[in-house]
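What's in upload-v8.cif: mmCIF, C-alpha atoms
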```
data_query
loop_
_atom_site.label_atom_id
_atom_site.label_comp_id
_atom_site.auth_asym_id
_atom_site.auth_seq_id
_atom_site.Cartn_x
_atom_site.Cartn_y
_atom_site.Cartn_z
CA MET A 296 -65.96 -14.44 -45.50
CA ARG A 297 -67.62 -16.42 -42.70
CA LEU A 298 -65.89 -19.61 -43.83
CA ILE A 299 -62.52 -17.87 -43.78
CA ILE A 300 -63.07 -16.64 -40.22
CA LEU A 301 -64.20 -20.04 -39.00
CA PHE A 302 -61.32 -21.82 -40.73
CA SER A 303 -58.77 -19.36 -39.31
CA PHE A 304 -60.03 -19.86 -35.76
CA LEU A 305 -60.11 -23.63 -35.94
CA SER A 306 -56.66 -23.79 -37.61
CA ALA A 307 -55.14 -21.61 -34.93
CA VAL A 308 -56.63 -23.75 -32.19
CA THR A 309 -55.42 -26.99 -33.77
CA LEU A 310 -51.89 -25.79 -34.54
CA SER A 311 -51.31 -24.23 -31.14
CA ALA A 312 -52.68 -27.25 -29.30
CA CYS A 313 -50.29 -29.53 -31.21
CA GLY A 314 -47.34 -27.30 -30.44
CA SER A 315 -47.89 -26.94 -26.71
CA SER A 316 -48.09 -30.55 -25.65
CA SER A 317 -45.07 -31.72 -23.70
CA SER A 318 -44.04 -33.63 -20.63
CA SER A 319 -41.07 -33.45 -18.30
CA LYS A 320 -38.64 -36.14 -17.22
CA THR A 321 -39.60 -38.24 -14.24
CA VAL A 322 -37.25 -38.17 -11.24
CA SER A 323 -37.31 -40.89 -8.61
CA PRO A 324 -36.44 -39.47 -5.19
CA GLY A 325 -37.35 -42.72 -3.50
CA ALA A 326 -34.41 -44.45 -5.16
CA THR A 327 -31.80 -42.03 -3.84
CA GLN A 328 -32.90 -41.20 -0.27
CA ASP A 329 -30.84 -38.04 -0.65
CA PHE A 330 -31.30 -35.58 2.21
CA GLY A 331 -29.81 -32.79 0.13
CA VAL A 332 -28.25 -29.63 1.50
CA PRO A 333 -29.57 -28.68 4.97
CA VAL A 334 -31.43 -25.38 5.21
CA ALA A 335 -30.67 -23.24 8.26
CA ALA A 336 -33.32 -21.58 10.40
CA PRO A 337 -33.13 -17.74 10.34
CA SER A 338 -31.66 -17.64 13.88
CA GLY A 339 -29.25 -20.49 13.21
CA ALA A 340 -30.80 -22.54 16.03
CA PHE A 341 -31.07 -25.58 13.78
CA LYS A 342 -30.79 -26.87 10.23
CA VAL A 343 -33.32 -29.09 8.52
CA SER A 344 -33.02 -31.45 5.55
CA LEU A 345 -35.55 -33.68 3.82
CA ALA A 346 -35.40 -37.01 2.01
CA TRP A 347 -38.45 -38.20 0.11
CA SER A 348 -39.23 -41.87 0.68
CA THR A 349 -41.42 -42.31 -2.36
CA ASP A 350 -41.85 -41.02 -5.89
CA LEU A 351 -44.04 -37.96 -5.55
CA ALA A 352 -47.54 -37.90 -6.95
CA SER A 353 -50.55 -35.61 -6.65
CA GLY A 354 -53.98 -36.75 -5.54
CA THR A 355 -52.75 -39.48 -3.18
CA LEU A 356 -51.76 -39.85 0.49
CA ALA A 357 -49.00 -42.32 -0.40
CA ASN A 358 -46.25 -39.65 -0.26
CA SER A 359 -43.87 -39.67 2.69
CA ALA A 360 -40.65 -37.97 3.77
CA GLU A 361 -37.85 -38.23 6.29
CA VAL A 362 -36.88 -35.09 8.20
CA ARG A 363 -33.48 -34.64 9.84
CA PHE A 364 -32.41 -31.84 12.16
CA SER A 365 -28.84 -30.78 12.80
CA ASP A 366 -26.93 -28.01 14.52
CA ALA A 367 -24.57 -25.45 13.01
CA ASN A 368 -21.82 -28.08 12.87
CA ASP A 369 -24.08 -30.55 11.05
CA GLN A 370 -24.32 -32.78 14.11
CA ALA A 371 -27.66 -34.46 14.86
CA LEU A 372 -29.87 -32.23 16.99
CA ALA A 373 -32.96 -33.30 18.93
CA ALA A 374 -35.89 -31.19 17.74
CA GLN A 375 -39.66 -31.08 17.91
CA LEU A 376 -41.38 -31.10 14.49
CA GLU A 377 -44.43 -28.83 14.78
CA GLY A 378 -45.55 -28.19 11.22
CA PHE A 379 -45.06 -29.48 7.68
CA ALA A 380 -46.92 -27.17 5.27
CA LEU A 381 -46.69 -27.67 1.53
CA PHE A 382 -46.83 -24.54 -0.61
CA MET A 383 -46.63 -23.82 -4.33
CA PRO A 384 -45.14 -20.30 -4.59
CA ALA A 385 -45.67 -19.98 -8.33
CA MET A 386 -49.39 -20.65 -8.04
CA GLY A 387 -49.86 -18.95 -4.65
CA HIS A 388 -51.55 -21.80 -2.81
CA GLY A 389 -50.90 -24.68 -0.47
CA THR A 390 -52.61 -28.02 -0.34
CA ILE A 391 -55.52 -29.66 1.42
CA LYS A 392 -55.70 -32.60 3.84
CA ALA A 393 -53.11 -31.16 6.23
CA SER A 394 -55.01 -32.84 9.05
CA GLU A 395 -54.15 -36.24 7.54
CA LEU A 396 -50.40 -35.73 8.09
CA ARG A 397 -48.73 -38.21 10.45
CA PHE A 398 -45.51 -37.28 12.32
CA THR A 399 -43.38 -40.02 13.91
CA GLN A 400 -40.17 -39.34 15.85
CA ASP A 401 -37.48 -42.01 15.90
CA PRO A 402 -37.14 -42.95 19.63
CA LYS A 403 -33.49 -43.88 19.09
CA ASP A 404 -32.62 -40.74 17.15
CA LEU A 405 -34.55 -37.66 18.31
CA ALA A 406 -33.18 -35.67 15.37
CA HIS A 407 -35.01 -37.90 12.90
CA TRP A 408 -38.73 -37.69 12.04
CA SER A 409 -40.91 -39.47 9.48
CA VAL A 410 -43.84 -37.68 7.87
CA SER A 411 -46.46 -39.71 6.02
CA GLN A 412 -49.83 -39.18 4.32
CA ILE A 413 -48.63 -36.11 2.42
CA TRP A 414 -51.12 -34.83 -0.15
CA PHE A 415 -50.09 -32.72 -3.15
CA SER A 416 -53.16 -31.04 -4.65
CA MET A 417 -51.55 -30.73 -8.10
CA GLY A 418 -48.49 -31.82 -10.05
CA GLY A 419 -45.50 -29.66 -10.79
CA SER A 420 -41.95 -29.52 -12.10
CA ALA A 421 -38.89 -29.86 -9.84
CA ASN A 422 -38.78 -27.04 -7.25
CA GLU A 423 -42.39 -26.09 -8.00
CA TRP A 424 -43.45 -27.19 -4.51
CA VAL A 425 -41.74 -26.22 -1.23
CA VAL A 426 -42.27 -27.27 2.39
CA ASP A 427 -42.48 -24.80 5.24
CA VAL A 428 -41.11 -26.83 8.16
CA THR A 429 -41.89 -25.45 11.62
CA ALA A 430 -39.82 -26.89 14.44
CA SER A 431 -38.42 -26.02 17.85
CA ALA A 432 -34.91 -26.76 19.02
CA GLN A 433 -32.70 -25.25 21.67
CA GLY A 434 -35.72 -23.39 23.05
CA GLN A 435 -36.57 -21.66 19.80
CA SER A 436 -39.50 -22.31 17.42
CA GLU A 437 -38.96 -21.30 13.80
CA LYS A 438 -40.22 -21.85 10.27
CA VAL A 439 -37.84 -22.89 7.48
CA ARG A 440 -38.69 -23.15 3.79
CA VAL A 441 -37.19 -26.26 2.17
CA PRO A 442 -37.34 -26.75 -1.62
CA ILE A 443 -38.53 -30.02 -3.17
CA PRO A 444 -36.10 -30.63 -6.04
CA TYR A 445 -38.28 -33.35 -7.57
CA GLU A 446 -41.14 -33.45 -9.99
CA VAL A 447 -44.59 -34.17 -8.58
CA GLN A 448 -46.45 -36.34 -11.06
CA MET B 83 -69.27 14.94 -49.41
CA GLY B 84 -66.48 12.39 -49.43
CA ARG B 85 -67.32 11.34 -45.88
CA VAL B 86 -71.00 10.91 -46.77
CA ILE B 87 -70.08 8.65 -49.68
CA LEU B 88 -67.64 6.68 -47.49
CA GLY B 89 -70.28 6.29 -44.80
CA LEU B 90 -72.93 5.08 -47.20
CA PHE B 91 -70.40 2.73 -48.80
CA CYS B 92 -69.49 1.24 -45.42
CA LEU B 93 -73.11 0.77 -44.43
CA PHE B 94 -73.89 -0.81 -47.79
CA LEU B 95 -71.00 -3.26 -47.45
CA SER B 96 -71.68 -4.17 -43.85
CA GLY B 97 -75.42 -4.41 -44.19
CA ASN B 98 -75.43 -2.50 -40.93
CA ALA B 99 -77.91 0.03 -39.58
CA THR B 100 -76.92 3.08 -37.59
CA THR B 101 -76.06 1.31 -34.33
CA LEU B 102 -72.57 0.34 -33.29
CA TRP B 103 -73.20 -3.26 -32.36
CA ALA B 104 -71.36 -3.64 -29.11
CA CYS B 105 -67.61 -3.42 -28.49
CA SER B 106 -64.29 -5.20 -28.89
CA SER B 107 -64.43 -6.97 -25.53
CA CYS B 108 -68.14 -7.86 -25.76
CA GLY B 109 -68.62 -11.61 -25.80
CA SER B 110 -64.92 -12.27 -25.35
CA GLY B 111 -65.22 -13.46 -21.79
CA GLY B 112 -62.38 -11.11 -20.90
CA ALA B 113 -64.49 -8.23 -19.57
CA ASP B 114 -68.03 -7.41 -18.45
CA PRO B 115 -70.38 -9.87 -20.19
CA VAL B 116 -73.16 -7.44 -21.08
CA ILE B 117 -73.25 -3.85 -22.32
CA LEU B 118 -75.88 -1.42 -23.53
CA ASN B 119 -76.10 -0.23 -27.11
CA PRO B 120 -76.73 3.52 -27.57
CA SER B 121 -80.51 3.32 -27.65
CA GLU B 122 -80.90 0.89 -24.72
CA SER B 123 -81.50 1.78 -21.06
CA HIS B 124 -81.96 -1.51 -19.11
CA LYS B 125 -81.01 -5.06 -19.89
CA LEU B 126 -80.99 -8.43 -18.17
CA TYR B 127 -78.39 -11.09 -18.96
CA LEU B 128 -78.45 -14.78 -18.20
CA GLY B 129 -75.52 -16.94 -19.26
CA LEU B 130 -74.90 -20.64 -18.86
CA GLY B 131 -71.39 -21.88 -19.56
CA VAL B 132 -69.26 -24.95 -19.07
CA GLN B 133 -65.51 -25.44 -19.13
CA SER B 134 -63.85 -28.82 -19.46
CA ALA B 135 -60.72 -30.64 -20.70
CA PHE B 136 -58.64 -28.91 -18.05
CA GLN B 137 -54.89 -29.17 -18.00
CA ASP B 138 -52.61 -27.32 -15.60
CA ILE B 139 -49.77 -25.25 -17.04
CA ASP B 140 -46.83 -25.07 -14.64
CA SER B 141 -44.19 -22.37 -14.24
CA GLN B 142 -42.06 -24.01 -16.92
CA GLY B 143 -44.93 -23.83 -19.40
CA GLN B 144 -45.47 -27.59 -19.33
CA LEU B 145 -48.92 -29.07 -19.61
CA ARG B 146 -49.91 -31.44 -16.79
CA LYS B 147 -52.91 -33.50 -15.92
CA SER B 148 -55.31 -31.53 -13.81
CA ASP B 149 -56.35 -32.82 -10.40
CA GLY B 150 -59.21 -30.32 -10.32
CA PRO B 151 -62.80 -30.73 -11.52
CA ASP B 152 -63.56 -32.46 -14.82
CA SER B 153 -66.03 -29.74 -15.66
CA LYS B 154 -67.01 -26.39 -14.20
CA TRP B 155 -70.50 -25.02 -14.93
CA LEU B 156 -71.25 -21.36 -14.45
CA LEU B 157 -74.67 -19.72 -14.29
CA GLU B 158 -74.17 -15.99 -14.67
CA LEU B 159 -76.81 -13.34 -13.95
CA ALA B 160 -76.27 -9.67 -14.78
CA TYR B 161 -78.26 -6.46 -14.84
CA VAL B 162 -77.10 -3.38 -16.70
CA ARG B 163 -78.59 0.11 -16.43
CA ARG B 164 -77.89 3.38 -18.23
CA PHE B 165 -77.35 6.48 -16.09
CA THR B 166 -76.63 9.08 -18.79
CA ASN B 167 -76.33 9.06 -22.56
CA ARG B 168 -72.71 8.06 -22.18
CA ILE B 169 -72.49 6.13 -18.91
CA PHE B 170 -73.95 2.77 -17.88
CA ALA B 171 -73.13 0.23 -15.17
CA SER B 172 -73.73 -3.46 -14.57
CA VAL B 173 -73.68 -5.88 -11.67
CA VAL B 174 -72.74 -9.50 -12.34
CA GLY B 175 -73.10 -12.48 -10.03
CA ASP B 176 -72.70 -16.15 -10.63
CA LEU B 177 -73.35 -19.60 -9.32
CA GLY B 178 -70.86 -22.40 -9.98
CA LEU B 179 -71.24 -26.14 -10.19
CA ASN B 180 -68.07 -28.27 -10.19
CA GLN B 181 -68.08 -31.92 -11.22
CA LYS B 182 -65.50 -34.70 -10.82
CA HIS B 183 -66.50 -38.25 -11.74
CA ASP B 184 -69.73 -38.87 -9.81
CA ARG B 185 -69.23 -36.04 -7.32
CA GLU B 186 -70.42 -32.46 -7.71
CA GLN B 187 -70.72 -29.35 -5.58
CA ALA B 188 -72.35 -25.95 -6.12
CA GLY B 189 -71.65 -22.54 -4.63
CA VAL B 190 -71.67 -18.80 -5.11
CA GLY B 191 -68.87 -17.17 -7.09
CA ASP B 192 -67.45 -13.65 -7.16
CA VAL B 193 -69.55 -10.52 -7.75
CA THR B 194 -68.45 -7.80 -10.17
CA LEU B 195 -69.50 -4.18 -10.60
CA ASN B 196 -68.70 -2.62 -13.98
CA THR B 197 -68.98 0.86 -15.45
CA ARG B 198 -68.45 2.03 -19.00
CA ALA B 199 -68.22 5.65 -20.14
CA THR B 200 -68.40 6.33 -23.88
CA LEU B 201 -65.87 8.98 -24.78
CA LEU B 202 -66.24 8.87 -28.55
CA GLN B 203 -68.85 7.55 -30.95
CA PRO B 204 -68.74 7.33 -34.72
CA THR B 205 -71.62 8.58 -36.80
CA MET B 206 -72.94 7.79 -40.25
CA LEU B 207 -70.83 10.64 -41.51
CA GLU B 208 -67.74 9.53 -39.64
CA PRO B 209 -67.88 5.72 -39.64
CA GLU B 210 -64.11 5.47 -39.60
CA LEU B 211 -64.01 6.83 -36.04
CA PRO B 212 -63.88 4.17 -33.32
CA GLN B 213 -66.31 3.85 -30.47
CA LEU B 214 -64.06 4.58 -27.51
CA GLN B 215 -65.13 3.54 -24.02
CA LEU B 216 -63.47 3.87 -20.62
CA LEU B 217 -63.91 0.81 -18.38
CA LEU B 218 -63.86 0.65 -14.60
CA SER B 219 -64.62 -2.58 -12.72
CA ARG B 220 -64.36 -4.02 -9.26
CA ARG B 221 -64.47 -7.72 -8.52
CA PHE B 222 -65.44 -8.71 -4.99
CA ALA B 223 -64.02 -11.97 -3.70
CA THR B 224 -67.27 -13.49 -2.49
CA GLY B 225 -66.64 -17.01 -3.78
CA ARG B 226 -64.52 -19.63 -2.05
CA SER B 227 -60.95 -19.70 -3.34
CA VAL B 228 -58.25 -22.35 -3.74
CA ASN B 229 -56.71 -21.31 -0.44
CA GLN B 230 -60.05 -21.75 1.36
CA SER B 231 -60.79 -25.09 -0.26
CA ARG B 232 -61.56 -28.11 1.91
CA GLU B 233 -62.56 -30.54 -0.81
CA GLU B 234 -60.56 -32.97 -2.87
CA ALA B 235 -60.09 -31.83 -6.49
CA TYR B 236 -61.02 -28.26 -5.49
CA LEU B 237 -64.69 -29.09 -5.94
CA ASP B 238 -65.63 -26.21 -3.64
CA VAL B 239 -63.67 -23.47 -5.46
CA TYR B 240 -65.77 -20.86 -7.27
CA GLY B 241 -63.85 -17.62 -6.71
CA ALA B 242 -60.50 -16.00 -7.45
CA GLY B 243 -59.55 -15.43 -3.82
CA SER B 244 -58.82 -11.71 -3.93
CA SER B 245 -60.83 -8.67 -4.89
CA GLU B 246 -59.48 -6.69 -7.83
CA PHE B 247 -59.96 -3.24 -9.33
CA TYR B 248 -59.73 -2.88 -13.13
CA ALA B 249 -59.39 0.16 -15.37
CA GLY B 250 -58.98 0.24 -19.12
CA PHE B 251 -60.40 1.19 -22.48
CA ASP B 252 -62.20 -0.41 -25.39
CA ALA B 253 -61.81 0.80 -28.97
CA TRP B 254 -64.22 -0.61 -31.55
CA TRP B 255 -64.70 0.09 -35.23
CA GLY B 256 -68.24 -1.25 -35.51
CA MET B 257 -69.45 0.60 -38.57
CA MET B 258 -66.83 -0.59 -41.02
CA PRO B 259 -67.24 -3.48 -43.45
CA VAL B 260 -64.93 -5.54 -41.32
CA LEU B 261 -65.56 -5.13 -37.60
CA PHE B 262 -62.44 -4.81 -35.50
CA GLY B 263 -61.11 -3.37 -32.28
CA PHE B 264 -58.97 -3.85 -29.23
CA SER B 265 -59.19 -3.44 -25.46
CA TYR B 266 -56.78 -3.07 -22.61
CA LEU B 267 -57.48 -3.71 -18.92
CA HIS B 268 -55.12 -3.19 -16.00
CA GLY B 269 -55.89 -5.00 -12.76
CA TRP B 270 -54.85 -4.12 -9.22
CA PRO B 271 -55.61 -7.07 -6.92
CA SER B 272 -56.10 -6.73 -3.18
CA ALA B 273 -54.00 -8.69 -0.72
CA GLU B 274 -55.40 -12.01 0.49
CA GLU B 275 -54.87 -13.62 3.89
CA ILE B 276 -53.96 -17.27 3.45
CA PRO B 277 -52.66 -19.82 5.98
CA GLU B 278 -49.06 -19.18 4.88
CA GLY B 279 -49.26 -15.39 5.28
CA THR B 280 -50.42 -12.36 3.28
CA LEU B 281 -50.54 -13.10 -0.42
CA GLN B 282 -50.39 -10.21 -2.85
CA GLN B 283 -51.04 -11.29 -6.43
CA GLY B 284 -49.26 -9.31 -9.13
CA GLN B 285 -50.90 -6.66 -11.27
CA LEU B 286 -52.69 -7.82 -14.41
CA GLN B 287 -52.36 -6.59 -17.97
CA ARG B 288 -55.05 -7.89 -20.31
CA PHE B 289 -55.07 -7.27 -24.06
CA ILE B 290 -58.04 -8.23 -26.22
CA VAL B 291 -57.89 -8.04 -30.02
CA THR B 292 -61.11 -8.71 -31.92
CA GLY B 293 -62.19 -9.00 -35.54
CA GLY B 294 -65.49 -9.95 -37.06
CA HIS B 295 -68.18 -9.59 -39.68
CA MET B 296 -71.93 -9.16 -39.93
CA LEU B 297 -73.10 -12.48 -41.38
CA ALA B 298 -76.58 -11.04 -41.78
CA PRO B 299 -78.11 -7.68 -40.84
CA GLU B 300 -78.81 -8.96 -37.32
CA LEU B 301 -76.21 -11.67 -36.88
CA LYS B 302 -72.62 -10.92 -35.86
CA LEU B 303 -69.63 -13.26 -35.82
CA ILE B 304 -66.51 -12.12 -34.01
CA GLY B 305 -63.36 -13.83 -32.83
CA GLY B 306 -60.12 -12.86 -31.26
CA VAL B 307 -57.32 -13.28 -28.79
CA ILE B 308 -57.13 -12.52 -25.07
CA ALA B 309 -53.59 -12.16 -23.73
CA ASP B 310 -53.13 -12.01 -19.96
CA GLN B 311 -49.91 -11.17 -18.17
CA ARG B 312 -49.76 -11.06 -14.38
CA ARG B 313 -46.65 -9.96 -12.50
CA ALA B 314 -45.05 -12.11 -9.81
CA SER B 315 -46.90 -12.49 -6.54
CA GLU B 316 -45.56 -11.66 -3.07
CA LEU B 317 -46.01 -13.61 0.15
CA ASP B 318 -45.45 -11.43 3.22
CA THR B 319 -43.84 -8.84 0.88
CA ARG B 320 -41.34 -11.44 -0.39
CA GLU B 321 -41.52 -11.97 -4.17
CA GLN B 322 -42.31 -15.58 -5.06
CA GLU B 323 -39.99 -17.12 -7.61
CA ARG B 324 -41.37 -17.98 -11.06
CA SER B 325 -44.84 -16.81 -10.06
CA SER B 326 -45.55 -14.45 -12.95
CA ARG B 327 -48.35 -15.69 -15.18
CA ARG B 328 -49.06 -15.65 -18.90
CA LEU B 329 -52.13 -16.97 -20.62
CA GLN B 330 -53.17 -16.54 -24.24
CA SER B 331 -56.68 -17.63 -25.19
CA LEU B 332 -58.91 -17.64 -28.26
CA PHE B 333 -62.62 -16.92 -28.52
CA LEU B 334 -65.30 -17.10 -31.21
CA THR B 335 -68.72 -15.53 -30.68
CA LEU B 336 -71.94 -15.68 -32.67
CA GLU B 337 -74.55 -13.16 -31.56
CA THR B 338 -77.94 -11.97 -32.70
CA LEU B 339 -78.46 -8.20 -32.69
CA HIS B 340 -82.18 -7.50 -32.77
CA PRO B 341 -82.58 -3.80 -31.95
CA GLU B 342 -85.59 -4.47 -29.72
CA GLY B 343 -86.37 -7.54 -27.66
CA ASP B 344 -84.30 -10.58 -26.84
CA ASN B 345 -80.92 -11.65 -28.19
CA LEU B 346 -78.82 -14.79 -27.98
CA ARG B 347 -75.07 -15.24 -27.93
CA VAL B 348 -72.94 -18.35 -28.08
CA THR B 349 -69.23 -18.15 -27.30
CA LEU B 350 -66.59 -20.81 -27.80
CA THR B 351 -63.33 -20.32 -25.89
CA ARG B 352 -60.00 -22.09 -25.80
CA ARG B 353 -57.93 -20.99 -22.82
CA GLY B 354 -54.15 -21.21 -22.60
CA VAL B 355 -53.60 -22.30 -26.15
CA LEU B 356 -51.41 -19.73 -27.91
CA GLY B 357 -47.70 -19.13 -27.42
CA ASP B 358 -45.91 -19.18 -24.08
CA ASN B 359 -48.34 -19.89 -21.20
CA ARG B 360 -47.22 -20.16 -17.56
CA ASN B 361 -48.91 -20.80 -14.22
CA GLY B 362 -52.39 -21.15 -15.64
CA VAL B 363 -54.98 -23.54 -16.90
CA SER B 364 -55.78 -24.78 -20.38
CA ALA B 365 -59.43 -25.59 -21.09
CA TRP B 366 -62.26 -25.58 -23.60
CA GLY B 367 -65.37 -23.57 -22.83
CA ILE B 368 -68.74 -22.78 -24.30
CA THR B 369 -71.27 -20.23 -23.06
CA LEU B 370 -74.85 -19.67 -24.16
CA ALA B 371 -76.28 -16.31 -23.14
CA TRP B 372 -79.70 -14.72 -23.33
CA MET B 373 -80.12 -10.94 -23.15
CA SER B 374 -83.40 -9.14 -22.79
CA LEU B 375 -84.24 -5.43 -22.81
CA LEU B 376 -86.39 -4.34 -19.91
#
```

As structure tokens, the full file:
Amino acid sequence: MRLIILFSFLSAVTLSACGSSSSSKTVSPGATQDFGVPVAAPSGAFKVSLAWSTDLASGTLANSAEVRFSDANDQALAAQLEGFALFMPAMGHGTIKASELRFTQDPKDLAHWSVSQIWFSMGGSANEWVVDVTASAQGQSEKVRVPIPYEVQ
Amino acid sequence: MGRVILGLFCLFLSGNATTLWACSSCGSGGADPVILNPSESHKLYLGLGVQSAFQDIDSQGQLRKSDGPDSKWLLELAYVRRFTNRIFASVVGDLGLNQKHDREQAGVGDVTLNTRATLLQPTMLEPELPQLQLLLSRRFATGRSVNQSREEAYLDVYGAGSSEFYAGFDAWWGMMPVLFGFSYLHGWPSAEEIPEGTLQQGQLQRFIVTGGHMLAPELKLIGGVIADQRRASELDTREQERSSRRLQSLFLTLETLHPEGDNLRVTLTRRGVLGDNRNGVSAWGITLAWMSLL
């Protein structure tokens, strides 16, 4: 009897472990530099779009992104980038090392910002992570949630 | 007369005495870690466990390398006291130690208060009746959570982040030749303030199914499945996409059952291993516990 119980438990563990192992396809955002579809602020004061400069990986500060602001007519709009907060809605948490983030505004194009030293605290499938971008433009400060349509390794 | 014969037959087959030998959730890791048997009034519990081989399970059900600790140790201390013939309560606290490569950090985890009320008990003459217990628990979020973490690899995370109230029942056929039973717990978590807003985790449904056998008159082996389902969470009252959670785990427990004095229990667990798991963690775990009557 005891052997049967032990064997059943160990068999179940082994079989289920074999069946659940998988991995997802790697996407390379750095190769495309695609800003994607701009996301509008709730008031319509600005739109924001992101392009990821590197392949995304967790546990490193090597991730970086380009941020572009535009108006309702998709024309470049000077804006002040105030916050860039990563969040993982499915898991209900953000990330650490927010103080390491570096924001740089392009002096020739005030609608264009670079964000570097971005830390993902864990990996995830495409759209698993989002960024809450806080910015002010046309006298209004707002937060906009932008999806990350790439896998974080 | 028939019931007397059936009772004696069951006791003969199981090698059991007249006690019920615990419950369906006892030793599963899915509920309060220590309970009182009918003749006991006070008990102390000390458990030392470790979990390792972590893998994250994302919202698509895919396994991923974990960036968290390599191993998480847990020292658990509990005291349980009987208040009436049918009601007892326990308080459980723990201390965690997280390790990653050559770094480690220790801290206090969550505290839990648990109460069990026995509604039905089998007797020698009615061994086919289950022991039926009502469970009420409250977890207090005293440990640091993921959203309060400041350390790489979440080395400083020892708590769940939100307090939670649980209610449920435990049905256990402990006087039959084959021990078996099942439990159900429903959890209502409190809202948690995080940097992004107010996070309300979804309600929990936990099912525990247990089977086992008395290997010797004072040695019990049980095993079973714990199935957790948590509804989608809300951030500032907005439901978060793909945030519902599922986790099916296995456990195997060997426990001594000396009627008086000290007892030992060893539990092997495999989290997130059966069926469709989402937004959770897969890991191996082992816990060694010592229980002493006071």

### Task
Return as a PyMOL selection string the set of residues that the PyMOL selection byres ((chain B) within 6 of (chain A)) yields on the displayed structure.
chain B and resi 149+229+322+324-325+355-356

### Message
I'd like the contact shell of A:Val441 - 9 Å cut-off, only C-alpha atoms, skipping same-chain residues fewer than 2 positions apart - returned as a list in words.
### Response
Pro333, Val334, Val343, Ser344, Leu345, Val425, Val426, Asp427, Val428, Val439 and Ile443 of chain A

### Task
Go through the shown structure with the PyMOL selection byres ((chain B and resi 358) around 10) and write out the matching residues as number ranges by chain.
A: 315; B: 142-144, 327-330, 354-357, 359-360

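Atom CA of B:Ala309 to atom CA of B:Leu350 spans 16.1 Å [interatomic distance, one decimal].
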
### Å distance separating atom CA of B:Gly294 from atom CA of B:Tyr266, one decimal place
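Computing it gives 18.2 Å between the two atoms.
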
Evaluating the PyMOL selection byres ((chain A and resi 430) around 8) on the displayed file yields which residues, as a PDB file with C-alpha atoms, keeping the file's coordinate frame?
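So out35.pdb came out as:
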```pdb
ATOM      1  CA  ALA A 374     -35.890 -31.190  17.740  1.00  0.00           C
ATOM      2  CA  GLN A 375     -39.660 -31.080  17.910  1.00  0.00           C
ATOM      3  CA  LEU A 376     -41.380 -31.100  14.490  1.00  0.00           C
ATOM      4  CA  GLU A 377     -44.430 -28.830  14.780  1.00  0.00           C
ATOM      5  CA  GLY A 378     -45.550 -28.190  11.220  1.00  0.00           C
ATOM      6  CA  VAL A 428     -41.110 -26.830   8.160  1.00  0.00           C
ATOM      7  CA  THR A 429     -41.890 -25.450  11.620  1.00  0.00           C
ATOM      8  CA  SER A 431     -38.420 -26.020  17.850  1.00  0.00           C
ATOM      9  CA  ALA A 432     -34.910 -26.760  19.020  1.00  0.00           C
ATOM     10  CA  SER A 436     -39.500 -22.310  17.420  1.00  0.00           C
ATOM     11  CA  GLU A 437     -38.960 -21.300  13.800  1.00  0.00           C
ATOM     12  CA  LYS A 438     -40.220 -21.850  10.270  1.00  0.00           C
TER      13      LYS A 438
END
```

### Query
B:Val132, B:Leu301, B:Cys105, B:Ala223: which is nearest B:Trp366, counting all atoms listed in the file?
B:Val132

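Note that atom CA of B:Glu246 and atom CA of B:Gln287 are 12.4 Å apart.
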
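With only C-alpha atoms as the atoms that count, the minimum distance from B:Leu303 to the choices B:Gln285, B:Ser364, B:Gln203, B:Ser110 is reached by B:Ser110.
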
### Query
Which residue out of B:Val174, B:Ala104, B:Ile169, B:Ile304 has the minimum interatomic distance to B:Ala253 when only C-alpha atoms are used?
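That would be B:Ala104, the residue with the smallest distance to B:Ala253.
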
#### Entry: Exercise: stretch 398-405 of chain A partners within 7 Å, all atoms listed in the file, chain neighbours under 5 positions left out, as a ChimeraX atom specification
/A:373-374,410-411

### Task
Might you pull out every residue within 9 Å of B:Ile308, with all atoms listed in the file counted and same-chain residues fewer than 4 positions away left off, and present them as JSON, numbers by chain?
{"B": [110, 111, 112, 288, 289, 290, 291, 292, 329, 330, 331, 332, 333, 353]}

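Residues surrounding B:Arg146 within 7 Å are Gly418 of chain A; Gln137, Asp138 and Ile139 of chain B [only C-alpha atoms; sequence separation below 5 positions excluded].
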
### Query
Near stretch 195-202 of chain B, counting all atoms listed in the file, which residues have an atom at most 7 Å away, once you skip same-chain residues fewer than 4 positions from it, shown as number ranges by chain?
B: 114, 168-174, 213-221
